[in-house]
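With TSV, C-alpha atoms inside, this is work01.tsv:
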```tsv
chain	number	residue	atom	x	y	z
A	795	MET	CA	113.83	52.06	112.89
A	796	VAL	CA	110.66	50.98	111.06
A	797	ALA	CA	109.89	53.05	107.97
A	798	GLY	CA	106.25	52.01	107.70
A	799	ILE	CA	104.36	51.58	104.46
A	800	ARG	CA	106.12	53.06	101.46
A	801	LYS	CA	104.25	53.73	98.23
A	802	PRO	CA	106.36	55.18	95.43
A	803	ASP	CA	104.63	57.55	93.02
A	804	ILE	CA	105.88	55.95	89.81
A	805	ILE	CA	107.11	52.53	88.75
A	806	ALA	CA	108.05	52.47	85.07
A	807	TRP	CA	109.48	49.48	83.23
A	808	LYS	CA	110.28	47.65	80.04
A	809	GLU	CA	109.22	44.07	80.73
A	810	GLY	CA	112.18	41.75	80.95
A	811	THR	CA	114.65	44.62	80.64
A	812	GLU	CA	114.60	47.29	83.34
A	813	ALA	CA	112.48	49.16	85.87
A	814	ILE	CA	112.74	52.42	87.76
A	815	VAL	CA	111.05	53.29	91.04
A	816	THR	CA	110.53	57.03	91.44
A	817	ASP	CA	109.01	59.26	94.07
A	818	VAL	CA	108.14	62.90	93.47
A	819	THR	CA	108.38	65.68	96.04
A	820	VAL	CA	108.25	69.46	96.27
A	821	VAL	CA	110.28	71.09	99.04
A	822	SER	CA	110.91	74.59	100.31
A	823	ASP	CA	113.52	76.71	98.60
A	824	MET	CA	115.67	76.38	101.74
A	825	GLU	CA	116.23	72.62	101.22
A	826	ARG	CA	119.28	71.22	99.46
A	827	LEU	CA	117.76	69.45	96.46
A	828	VAL	CA	120.45	66.79	96.03
A	829	TYR	CA	120.21	65.93	99.73
A	830	VAL	CA	116.43	65.41	99.49
A	831	HIS	CA	116.91	63.43	96.27
A	832	ASN	CA	119.27	61.05	98.05
A	833	LEU	CA	116.94	60.74	101.07
A	834	LYS	CA	114.04	59.74	98.80
A	835	ILE	CA	116.14	57.09	97.08
A	836	ALA	CA	117.31	55.69	100.42
A	837	CYS	CA	113.70	55.43	101.58
A	838	TYR	CA	112.70	53.17	98.67
A	839	LYS	CA	115.94	51.40	97.78
A	840	VAL	CA	115.43	48.42	100.05
A	841	LYS	CA	115.53	44.71	99.36
A	842	GLU	CA	111.79	44.17	99.80
A	843	ILE	CA	110.79	46.86	97.30
A	844	LYS	CA	113.41	45.77	94.79
A	845	GLU	CA	112.20	42.16	94.98
A	846	TRP	CA	108.52	43.14	94.78
A	847	VAL	CA	109.07	45.29	91.69
A	848	SER	CA	111.26	42.61	90.11
A	849	GLU	CA	108.54	40.00	90.57
A	850	LYS	CA	105.64	42.21	89.43
A	851	VAL	CA	107.22	43.56	86.25
A	852	ARG	CA	109.42	40.55	85.45
A	853	VAL	CA	112.85	42.13	85.46
A	854	ASP	CA	116.06	41.00	87.10
A	855	PRO	CA	116.40	42.53	90.60
A	856	ASP	CA	119.73	44.06	89.54
A	857	GLU	CA	117.86	45.99	86.82
A	858	VAL	CA	115.51	47.72	89.27
A	859	LYS	CA	116.78	51.31	89.64
A	860	PHE	CA	115.67	54.04	92.04
A	861	SER	CA	115.32	57.77	91.61
A	862	ALA	CA	113.41	60.78	92.84
A	863	VAL	CA	112.03	63.87	91.19
A	864	VAL	CA	112.71	66.75	93.54
A	865	PHE	CA	111.53	70.30	92.87
A	866	ASN	CA	111.52	73.30	95.16
A	867	TRP	CA	108.71	75.85	95.43
A	868	CYS	CA	110.46	78.03	92.84
A	869	ARG	CA	110.37	75.16	90.28
A	870	ALA	CA	114.10	74.46	90.47
A	871	ILE	CA	114.83	70.76	89.96
A	872	SER	CA	117.56	68.67	91.54
A	873	LYS	CA	120.49	68.11	89.19
A	874	SER	CA	120.34	64.40	90.06
A	875	SER	CA	116.64	64.30	89.17
A	876	SER	CA	117.31	66.05	85.89
A	877	LYS	CA	120.07	63.56	85.02
A	878	ASP	CA	117.91	60.53	85.87
A	879	LEU	CA	114.95	61.84	83.87
A	880	THR	CA	117.14	62.58	80.87
A	881	GLU	CA	118.47	59.01	80.98
A	882	CYS	CA	114.83	57.81	80.89
A	883	GLY	CA	114.16	59.92	77.79
A	884	ILE	CA	112.25	62.73	79.51
A	885	SER	CA	113.51	66.23	78.86
A	886	VAL	CA	113.47	68.70	81.73
A	887	SER	CA	111.67	71.23	79.51
A	888	GLU	CA	108.71	68.80	79.48
A	889	LEU	CA	108.52	69.03	83.26
A	890	VAL	CA	108.69	72.74	83.95
```
Mind turning the file's structure into C-alpha cells?
Amino acid sequence: MVAGIRKPDIIAWKEGTEAIVTDVTVVSDMERLVYVHNLKIACYKVKEIKEWVSEKVRVDPDEVKFSAVVFNWCRAISKSSSKDLTECGISVSELV
C-alpha cells in the first residue's frame, strides 16, 4: 500500500543530539486516543522520513524519534501524547 506524501506538522531538534517528528490531530470523542496516537506514529516512522530528518538536522538516525499529539473534541489528550510532550519539556497545562 502506498501512503502518499506525508508532511509532519512539527520537526524539533537539537543539532547533533536528537530530533522528534510530531503530527497533531483532533479526533471525535468516540475515538480511542492511544490507538490514534499509535496510528500517527506508524504513518511517519518509516526509513525514508527518518533518514531525511537525520540528514537535514544533522542527528544520528537512531536519535530521530516519532510522536503524535492527539486531542479529542472535548480537549482530552492521549496519555501517550502527554508523556512524550512532558519528556520534551512541554507541560500539558501549556497545551490546554
> Counting all atoms listed in the file, what is within 7 Å of Ser822 of chain A, bar same-chain residues fewer than 3 positions away, as an MDAnalysis selection string?
Replying inline: chainID A and resid 825 866:867
>> List the spatial neighbours of Val847 of chain A as a PyMOL selection string - criterion: any atom at most 12 Å away, all atoms listed in the file, same-chain residues fewer than 4 positions off excluded.
In response: chain A and resi 801-802+804-810+812-816+838-843+851-860
>> One number please: atom CA of Ile799 of chain A to atom CA of Val821 of chain A, in Å, one decimal.
In response: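 Interatomic distance, atom CA of Ile799 of chain A to atom CA of Val821 of chain A: 21.1 Å.
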For segment 809-815 of chain A, I'd like the enclosing box, axis-aligned and padded by 8 Å on every side, reported as lines of an AutoDock Vina configuration file with centre and edge lengths in Å to one decimal.
```
center_x = 111.9
center_y = 47.5
center_z = 85.8
size_x = 21.4
size_y = 27.5
size_z = 26.4
```
>> Report, in Å to a single decimal, how far apart atom CA of Cys837 of chain A and atom CA of Ile871 of chain A are.
In response: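 Spanning atom CA of Ile871 of chain A to atom CA of Cys837 of chain A is a straight-line distance of 19.3 Å.
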> What is the atom CA of Asp803 of chain A-atom CA of Met824 of chain A distance in Å, reported with one decimal?
Replying inline: 23.5 Å
> So which one's closest to Asp878 of chain A, A:Ala836, A:Val820, A:Val830, A:Ala862? Using all atoms listed in the file, please.
Replying inline: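 Between A:Ala836, A:Val820, A:Val830, A:Ala862, the residue approaching Asp878 of chain A most closely is A:Ala862.
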For segment 806-840 of chain A, supply N, CA and C atoms and report the output as a PDB file, in the coordinates of the input.
```
ATOM      1  N   ALA A 806     108.056  52.588  86.526  1.00  0.00           N
ATOM      2  CA  ALA A 806     108.050  52.470  85.070  1.00  0.00           C
ATOM      3  C   ALA A 806     108.979  51.328  84.684  1.00  0.00           C
ATOM      4  N   TRP A 807     108.651  50.616  83.598  1.00  0.00           N
ATOM      5  CA  TRP A 807     109.480  49.480  83.230  1.00  0.00           C
ATOM      6  C   TRP A 807     109.320  49.102  81.767  1.00  0.00           C
ATOM      7  N   LYS A 808     110.321  48.358  81.307  1.00  0.00           N
ATOM      8  CA  LYS A 808     110.280  47.650  80.040  1.00  0.00           C
ATOM      9  C   LYS A 808     110.366  46.183  80.439  1.00  0.00           C
ATOM     10  N   GLU A 809     109.289  45.452  80.239  1.00  0.00           N
ATOM     11  CA  GLU A 809     109.220  44.070  80.730  1.00  0.00           C
ATOM     12  C   GLU A 809     110.422  43.260  80.262  1.00  0.00           C
ATOM     13  N   GLY A 810     111.029  42.591  81.224  1.00  0.00           N
ATOM     14  CA  GLY A 810     112.180  41.750  80.950  1.00  0.00           C
ATOM     15  C   GLY A 810     113.489  42.498  80.805  1.00  0.00           C
ATOM     16  N   THR A 811     113.445  43.823  80.872  1.00  0.00           N
ATOM     17  CA  THR A 811     114.650  44.620  80.640  1.00  0.00           C
ATOM     18  C   THR A 811     115.068  45.427  81.856  1.00  0.00           C
ATOM     19  N   GLU A 812     114.237  46.395  82.258  1.00  0.00           N
ATOM     20  CA  GLU A 812     114.600  47.290  83.340  1.00  0.00           C
ATOM     21  C   GLU A 812     113.372  47.924  83.974  1.00  0.00           C
ATOM     22  N   ALA A 813     113.546  48.439  85.182  1.00  0.00           N
ATOM     23  CA  ALA A 813     112.480  49.160  85.870  1.00  0.00           C
ATOM     24  C   ALA A 813     113.095  50.286  86.686  1.00  0.00           C
ATOM     25  N   ILE A 814     112.293  51.323  86.905  1.00  0.00           N
ATOM     26  CA  ILE A 814     112.740  52.420  87.760  1.00  0.00           C
ATOM     27  C   ILE A 814     111.618  52.795  88.712  1.00  0.00           C
ATOM     28  N   VAL A 815     111.966  52.899  89.976  1.00  0.00           N
ATOM     29  CA  VAL A 815     111.050  53.290  91.040  1.00  0.00           C
ATOM     30  C   VAL A 815     111.346  54.745  91.353  1.00  0.00           C
ATOM     31  N   THR A 816     110.326  55.591  91.272  1.00  0.00           N
ATOM     32  CA  THR A 816     110.530  57.030  91.440  1.00  0.00           C
ATOM     33  C   THR A 816     109.486  57.616  92.368  1.00  0.00           C
ATOM     34  N   ASP A 817     109.931  58.521  93.217  1.00  0.00           N
ATOM     35  CA  ASP A 817     109.010  59.260  94.070  1.00  0.00           C
ATOM     36  C   ASP A 817     109.200  60.744  93.772  1.00  0.00           C
ATOM     37  N   VAL A 818     108.123  61.479  93.800  1.00  0.00           N
ATOM     38  CA  VAL A 818     108.140  62.900  93.470  1.00  0.00           C
ATOM     39  C   VAL A 818     107.876  63.715  94.725  1.00  0.00           C
ATOM     40  N   THR A 819     108.614  64.821  94.885  1.00  0.00           N
ATOM     41  CA  THR A 819     108.380  65.680  96.040  1.00  0.00           C
ATOM     42  C   THR A 819     108.678  67.131  95.687  1.00  0.00           C
ATOM     43  N   VAL A 820     107.996  68.016  96.374  1.00  0.00           N
ATOM     44  CA  VAL A 820     108.250  69.460  96.270  1.00  0.00           C
ATOM     45  C   VAL A 820     108.635  69.927  97.664  1.00  0.00           C
ATOM     46  N   VAL A 821     109.752  70.645  97.749  1.00  0.00           N
ATOM     47  CA  VAL A 821     110.280  71.090  99.040  1.00  0.00           C
ATOM     48  C   VAL A 821     110.429  72.606  99.044  1.00  0.00           C
ATOM     49  N   SER A 822     110.703  73.143 100.215  1.00  0.00           N
ATOM     50  CA  SER A 822     110.910  74.590 100.310  1.00  0.00           C
ATOM     51  C   SER A 822     112.186  74.983  99.577  1.00  0.00           C
ATOM     52  N   ASP A 823     112.319  76.259  99.297  1.00  0.00           N
ATOM     53  CA  ASP A 823     113.520  76.710  98.600  1.00  0.00           C
ATOM     54  C   ASP A 823     114.731  76.783  99.522  1.00  0.00           C
ATOM     55  N   MET A 824     114.554  76.417 100.779  1.00  0.00           N
ATOM     56  CA  MET A 824     115.670  76.380 101.740  1.00  0.00           C
ATOM     57  C   MET A 824     116.342  74.999 101.764  1.00  0.00           C
ATOM     58  N   GLU A 825     115.692  73.982 101.195  1.00  0.00           N
ATOM     59  CA  GLU A 825     116.230  72.620 101.220  1.00  0.00           C
ATOM     60  C   GLU A 825     117.310  72.441 100.152  1.00  0.00           C
ATOM     61  N   ARG A 826     118.267  71.593 100.456  1.00  0.00           N
ATOM     62  CA  ARG A 826     119.280  71.220  99.460  1.00  0.00           C
ATOM     63  C   ARG A 826     118.682  70.098  98.612  1.00  0.00           C
ATOM     64  N   LEU A 827     118.477  70.360  97.340  1.00  0.00           N
ATOM     65  CA  LEU A 827     117.760  69.450  96.460  1.00  0.00           C
ATOM     66  C   LEU A 827     118.438  68.090  96.331  1.00  0.00           C
ATOM     67  N   VAL A 828     119.739  68.069  96.177  1.00  0.00           N
ATOM     68  CA  VAL A 828     120.450  66.790  96.030  1.00  0.00           C
ATOM     69  C   VAL A 828     120.330  65.968  97.315  1.00  0.00           C
ATOM     70  N   TYR A 829     120.360  66.627  98.447  1.00  0.00           N
ATOM     71  CA  TYR A 829     120.210  65.930  99.730  1.00  0.00           C
ATOM     72  C   TYR A 829     118.841  65.251  99.808  1.00  0.00           C
ATOM     73  N   VAL A 830     117.782  65.983  99.457  1.00  0.00           N
ATOM     74  CA  VAL A 830     116.430  65.410  99.490  1.00  0.00           C
ATOM     75  C   VAL A 830     116.309  64.290  98.468  1.00  0.00           C
ATOM     76  N   HIS A 831     116.900  64.472  97.303  1.00  0.00           N
ATOM     77  CA  HIS A 831     116.910  63.430  96.270  1.00  0.00           C
ATOM     78  C   HIS A 831     117.492  62.132  96.826  1.00  0.00           C
ATOM     79  N   ASN A 832     118.624  62.233  97.483  1.00  0.00           N
ATOM     80  CA  ASN A 832     119.270  61.050  98.050  1.00  0.00           C
ATOM     81  C   ASN A 832     118.458  60.433  99.188  1.00  0.00           C
ATOM     82  N   LEU A 833     117.804  61.253  99.992  1.00  0.00           N
ATOM     83  CA  LEU A 833     116.940  60.740 101.070  1.00  0.00           C
ATOM     84  C   LEU A 833     115.778  59.931 100.489  1.00  0.00           C
ATOM     85  N   LYS A 834     115.164  60.445  99.433  1.00  0.00           N
ATOM     86  CA  LYS A 834     114.040  59.740  98.800  1.00  0.00           C
ATOM     87  C   LYS A 834     114.486  58.389  98.257  1.00  0.00           C
ATOM     88  N   ILE A 835     115.635  58.362  97.619  1.00  0.00           N
ATOM     89  CA  ILE A 835     116.140  57.090  97.080  1.00  0.00           C
ATOM     90  C   ILE A 835     116.381  56.111  98.223  1.00  0.00           C
ATOM     91  N   ALA A 836     117.019  56.567  99.280  1.00  0.00           N
ATOM     92  CA  ALA A 836     117.310  55.690 100.420  1.00  0.00           C
ATOM     93  C   ALA A 836     116.038  55.117 101.033  1.00  0.00           C
ATOM     94  N   CYS A 837     114.975  55.882 101.014  1.00  0.00           N
ATOM     95  CA  CYS A 837     113.700  55.430 101.580  1.00  0.00           C
ATOM     96  C   CYS A 837     113.142  54.228 100.816  1.00  0.00           C
ATOM     97  N   TYR A 838     113.300  54.220  99.499  1.00  0.00           N
ATOM     98  CA  TYR A 838     112.700  53.170  98.670  1.00  0.00           C
ATOM     99  C   TYR A 838     113.677  52.086  98.238  1.00  0.00           C
ATOM    100  N   LYS A 839     114.950  52.365  98.273  1.00  0.00           N
ATOM    101  CA  LYS A 839     115.940  51.400  97.780  1.00  0.00           C
ATOM    102  C   LYS A 839     116.251  50.369  98.859  1.00  0.00           C
ATOM    103  N   VAL A 840     115.284  49.497  99.071  1.00  0.00           N
ATOM    104  CA  VAL A 840     115.430  48.420 100.050  1.00  0.00           C
ATOM    105  C   VAL A 840     115.127  47.094  99.360  1.00  0.00           C
TER     106      VAL A 840
END
```
